[in-house]
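Student: Contents of query.cif (mmCIF, C-alpha atoms) are given next:
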```cif
data_coords
loop_
_atom_site.label_atom_id
_atom_site.label_comp_id
_atom_site.auth_asym_id
_atom_site.auth_seq_id
_atom_site.Cartn_x
_atom_site.Cartn_y
_atom_site.Cartn_z
CA MET P 1 -7.44 10.59 -6.27
CA SER P 2 -5.95 11.68 -2.98
CA LEU P 3 -2.83 10.59 -1.12
CA HIS P 4 -5.10 8.48 1.08
CA ASP P 5 -6.40 6.75 -2.05
CA TRP P 6 -2.80 6.13 -3.11
CA HIS P 7 -2.16 4.58 0.29
CA LYS P 8 -5.18 2.29 -0.10
CA ALA P 9 -3.85 1.29 -3.54
CA GLY P 10 -0.51 0.34 -1.95
CA TRP P 11 1.46 3.15 -3.60
CA LEU P 12 2.31 4.98 -0.35
CA ARG P 13 3.09 3.98 3.19
CA THR P 14 2.91 6.16 6.28
CA HIS P 15 6.05 8.06 7.19
CA GLN P 16 6.94 10.11 10.25
CA THR P 17 9.36 12.81 9.17
CA SER P 18 11.26 15.26 11.33
CA ARG P 19 12.51 18.79 11.07
CA GLN P 20 16.03 17.36 10.78
CA GLN P 21 15.10 15.13 7.86
CA ILE P 22 13.48 18.09 6.07
CA THR P 23 16.55 20.24 6.83
CA ASP P 24 18.80 17.54 5.37
CA LEU P 25 16.66 17.30 2.23
CA PHE P 26 16.83 21.07 1.77
CA ALA P 27 20.63 20.84 2.12
CA ILE P 28 20.63 18.37 -0.78
CA VAL P 29 18.40 20.72 -2.80
CA ASP P 30 20.72 23.66 -2.14
CA ARG P 31 23.81 21.63 -3.04
CA ASP P 32 22.16 20.46 -6.24
CA LEU P 33 21.02 23.93 -7.26
CA GLU P 34 24.55 25.21 -6.75
CA ASP P 35 26.07 22.29 -8.66
CA ALA P 36 23.56 22.68 -11.52
CA SER P 37 24.92 26.19 -12.08
CA ARG P 38 28.48 24.95 -12.62
CA ASP P 39 30.21 24.44 -15.97
CA LEU P 40 29.00 20.90 -16.66
CA SER P 41 27.39 19.19 -19.62
CA PRO P 42 23.68 19.91 -20.09
CA ASP P 43 22.92 16.22 -19.35
CA TRP P 44 24.59 16.47 -15.93
CA LYS P 45 23.08 19.87 -15.11
CA PHE P 46 19.65 18.51 -16.01
CA GLY P 47 20.15 15.40 -13.88
CA ILE P 48 21.28 17.48 -10.92
CA ALA P 49 18.35 19.90 -11.28
CA TYR P 50 16.01 16.92 -11.59
CA ASN P 51 17.35 15.58 -8.29
CA ALA P 52 16.65 18.95 -6.64
CA VAL P 53 13.04 18.88 -7.87
CA LEU P 54 12.65 15.27 -6.76
CA LYS P 55 13.86 16.17 -3.27
CA LEU P 56 11.46 19.13 -3.10
CA CYS P 57 8.55 16.88 -4.01
CA THR P 58 9.84 14.36 -1.45
CA ILE P 59 9.70 17.10 1.20
CA LEU P 60 6.04 17.71 0.31
CA VAL P 61 5.15 14.01 0.47
CA TYR P 62 7.05 13.43 3.73
CA ALA P 63 5.52 16.50 5.36
CA GLU P 64 2.07 15.12 4.56
CA GLY P 65 3.01 11.91 6.40
CA TRP P 66 3.69 9.60 3.46
CA ARG P 67 6.52 7.85 1.66
CA PRO P 68 6.19 6.21 -1.76
CA GLU P 69 6.65 2.49 -2.09
CA LYS P 70 9.74 1.51 -4.07
CA ASN P 71 7.90 0.63 -7.28
CA LEU P 72 7.66 3.83 -9.35
CA ALA P 73 8.80 5.95 -6.39
CA HIS P 74 10.14 8.85 -8.50
CA TYR P 75 7.01 8.90 -10.66
CA ARG P 76 4.66 8.90 -7.67
CA THR P 77 6.68 11.51 -5.80
CA LEU P 78 6.48 13.89 -8.76
CA GLN P 79 2.82 13.11 -9.45
CA ALA P 80 1.96 14.00 -5.85
CA LEU P 81 2.71 17.66 -6.59
CA PRO P 82 -0.85 18.60 -7.67
CA LEU P 83 -2.37 16.47 -4.92
CA ILE P 84 -0.51 18.52 -2.35
CA LEU P 85 -0.12 22.00 -3.88
CA GLY P 86 -3.34 21.98 -5.87
CA LYS P 87 -4.85 20.68 -9.09
CA ASP P 88 -3.53 23.69 -11.00
CA ARG P 89 -0.06 22.09 -10.68
CA GLN P 90 -0.96 19.10 -12.89
CA ALA P 91 0.84 20.63 -15.88
CA ASP P 92 3.95 20.94 -13.71
CA ALA P 93 3.67 17.29 -12.71
CA ASP P 94 3.36 16.35 -16.38
CA TYR P 95 6.42 18.48 -17.22
CA LEU P 96 8.37 16.80 -14.43
CA ASP P 97 7.37 13.36 -15.70
CA THR P 98 8.76 14.32 -19.10
CA CYS P 99 11.93 15.46 -17.34
CA ARG P 100 12.08 12.14 -15.47
CA SER P 101 11.99 10.20 -18.73
CA LYS P 102 14.55 12.48 -20.37
CA ARG P 103 16.85 12.22 -17.35
CA ASN P 104 16.59 8.43 -17.42
CA THR P 105 17.54 8.34 -21.10
CA ALA P 106 20.47 10.70 -20.57
CA GLU P 107 21.61 8.81 -17.47
CA TYR P 108 21.24 5.23 -18.65
CA ASP P 109 20.95 5.06 -22.43
CA ALA P 110 22.61 7.81 -24.47
CA PRO P 111 24.42 11.11 -23.85
CA GLY P 112 23.49 14.39 -25.48
CA GLN P 113 19.78 14.11 -24.79
CA VAL P 114 19.39 17.49 -23.11
CA SER P 115 19.96 21.02 -24.43
CA ALA P 116 21.53 23.77 -22.35
CA LYS P 117 18.18 25.58 -22.48
CA GLU P 118 16.31 22.56 -21.07
CA ALA P 119 18.84 22.22 -18.24
CA ALA P 120 18.56 25.91 -17.39
CA GLU P 121 14.74 25.76 -17.48
CA LEU P 122 14.62 22.84 -15.07
CA ALA P 123 17.10 24.51 -12.71
CA ALA P 124 14.96 27.69 -12.73
CA PHE P 125 11.85 25.59 -12.09
CA ALA P 126 13.61 23.93 -9.14
CA GLN P 127 14.60 27.30 -7.66
CA GLU P 128 11.03 28.59 -7.90
CA LEU P 129 9.62 25.39 -6.45
CA ARG P 130 12.08 25.63 -3.56
CA GLU P 131 10.64 28.98 -2.55
CA GLU P 132 7.09 27.68 -2.89
CA VAL P 133 7.83 24.60 -0.76
CA ILE P 134 9.36 26.77 1.97
CA ALA P 135 6.25 28.98 2.01
CA TRP P 136 3.95 25.94 1.94
CA LEU P 137 5.78 24.36 4.88
CA GLY P 138 5.54 27.62 6.83
CA LYS P 139 1.78 27.65 6.30
CA ASN P 140 0.95 23.94 6.58
CA HIS P 141 3.70 22.36 8.68
CA PRO P 142 5.65 25.15 10.45
CA GLN P 143 7.12 22.65 12.90
CA LEU P 144 9.00 21.07 9.97
CA ASN P 145 10.14 24.31 8.33
CA PRO P 146 13.87 24.83 8.94
CA TRP P 147 13.35 28.61 8.68
CA SER P 148 10.50 28.84 11.20
CA GLY P 149 11.40 30.01 14.67
#
```
Let me see the structure of the file written as structure tokens.

Tutor:
Amino acid sequence: MSLHDWHKAGWLRTHQTSRQQITDLFAIVDRDLEDASRDLSPDWKFGIAYNAVLKLCTILVYAEGWRPEKNLAHYRTLQALPLILGKDRQADADYLDTCRSKRNTAEYDAPGQVSAKEAAELAAFAQELREEVIAWLGKNHPQLNPWSG
């Protein structure tokens, strides 16, 4: 499927983003990456790193001119990763879906669901994805890239 197919299925609606909106989303990512490195419980670090990843995937979706509908918005935003960055990112989307479920359990059902290692791995993933999203924006949507002249 493509993002256009998702739109036809009613999972996405069109969205006109701006450089300012992308800049603001990157500010959230940077705040979250900094906060995820603080001395907090693994559950909180994981949740904060998850939010950074979610915002990075949101940047990708917005830059392509879409916004997920409210039903399953997090899931669809994360699953858009291989549709935008390439099919070889499907394993990453699957990993992020596992993280989404784990974050939901830790946030809403029971504490102690996340190890320090899992929190650190997701934070490292978010940092790497941040750099990739910046490069992708520079190549595909330079007018939206906060670091483009």

Student: Please evaluate the PyMOL selection byres ((chain P and resi 56) around 9) against the structure above and give the resulting residues as a ChimeraX atom specification.

Tutor: /P:25-26,29,51-55,57-61,126,129-130,133

Student: Under the PyMOL selection byres ((chain P and resi 144) around 10), which residues of this model are included? Write them out as a PyMOL selection string.

Tutor: chain P and resi 17-23+59+63+134+137-138+140-143+145-148

Student: As an exercise, work out the distance from atom CA of His15 of chain P to atom CA of Glu64 of chain P in Å and give it to one decimal place.

Tutor: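 Interatomic distance, atom CA of His15 of chain P to atom CA of Glu64 of chain P: 8.5 Å.
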
Student: Could you name the residues that touch Arg100 of chain P at 12 Å or less, counting all atoms listed in the file, but leaving out those on the same chain fewer than 6 positions away, as an MDAnalysis selection string?

Tutor: chainID P and resid 46:51 53:54 72:79 93:94 106:108 114 122

Student: Using atom CA of Ala119 of chain P and atom CA of Asp88 of chain P as the two end points, give the distance in Å to one decimal.

Tutor: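 Rounded to one decimal, the two atoms are 23.6 Å apart.
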
Student: Find the residue from P:Asp109, P:Ala120, P:Trp11, P:Glu132 that sits nearest to Arg38 of chain P; use all atoms listed in the file when measuring.

Tutor: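 Ranking P:Asp109, P:Ala120, P:Trp11, P:Glu132 by distance to Arg38 of chain P, first place goes to P:Ala120.
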
Student: Which residue gives the smallest distance to Asn71 of chain P among P:Glu128, P:Leu85, P:Arg13, P:Lys139, with all atoms listed in the file counted?

Tutor: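 Of P:Glu128, P:Leu85, P:Arg13, P:Lys139, the one nearest Asn71 of chain P is P:Arg13, counting all atoms listed in the file.
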
Student: What is the atom CA of Lys70 of chain P to atom CA of Ala9 of chain P distance in Å?

Tutor: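 It comes out at 13.6 Å.
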
Student: For this file, the PyMOL selection byres ((chain P and resi 4) around 12) selects which residues, as a PyMOL selection string?

Tutor: chain P and resi 1-3+5-14+61+64-68+80+83-84

Student: Residues of the last selection are to be written out with C-alpha atoms, as a short mmCIF file (atom, residue, chain, number, x, y, z; two decimals), keeping the file's coordinate frame.

Tutor:
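In the end it all went to again-v1.cif:
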```
data_model
loop_
_atom_site.label_atom_id
_atom_site.label_comp_id
_atom_site.auth_asym_id
_atom_site.auth_seq_id
_atom_site.Cartn_x
_atom_site.Cartn_y
_atom_site.Cartn_z
CA MET P 1 -7.44 10.59 -6.27
CA SER P 2 -5.95 11.68 -2.98
CA LEU P 3 -2.83 10.59 -1.12
CA ASP P 5 -6.40 6.75 -2.05
CA TRP P 6 -2.80 6.13 -3.11
CA HIS P 7 -2.16 4.58 0.29
CA LYS P 8 -5.18 2.29 -0.10
CA ALA P 9 -3.85 1.29 -3.54
CA GLY P 10 -0.51 0.34 -1.95
CA TRP P 11 1.46 3.15 -3.60
CA LEU P 12 2.31 4.98 -0.35
CA ARG P 13 3.09 3.98 3.19
CA THR P 14 2.91 6.16 6.28
CA VAL P 61 5.15 14.01 0.47
CA GLU P 64 2.07 15.12 4.56
CA GLY P 65 3.01 11.91 6.40
CA TRP P 66 3.69 9.60 3.46
CA ARG P 67 6.52 7.85 1.66
CA PRO P 68 6.19 6.21 -1.76
CA ALA P 80 1.96 14.00 -5.85
CA LEU P 83 -2.37 16.47 -4.92
CA ILE P 84 -0.51 18.52 -2.35
#
```

Student: Given only C-alpha atoms as the basis, pick out the residue of P:Gln16, P:Asp24, P:Phe125, P:Ala135 nearest to Asp92 of chain P.

Tutor: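 Closest residue, counting only C-alpha atoms: P:Phe125.
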
Student: Between P:Ala124, P:Thr98, P:Ile28, P:Arg103, single out the one closest to Trp44 of chain P, counting all atoms listed in the file.

Tutor: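 For Trp44 of chain P, the nearest of the candidates is P:Arg103.
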
Student: For Tyr62 of chain P, which of P:Glu118, P:Lys45, P:Asp35, P:Leu81 is the closest residue, counting all atoms listed in the file?

Tutor: P:Leu81
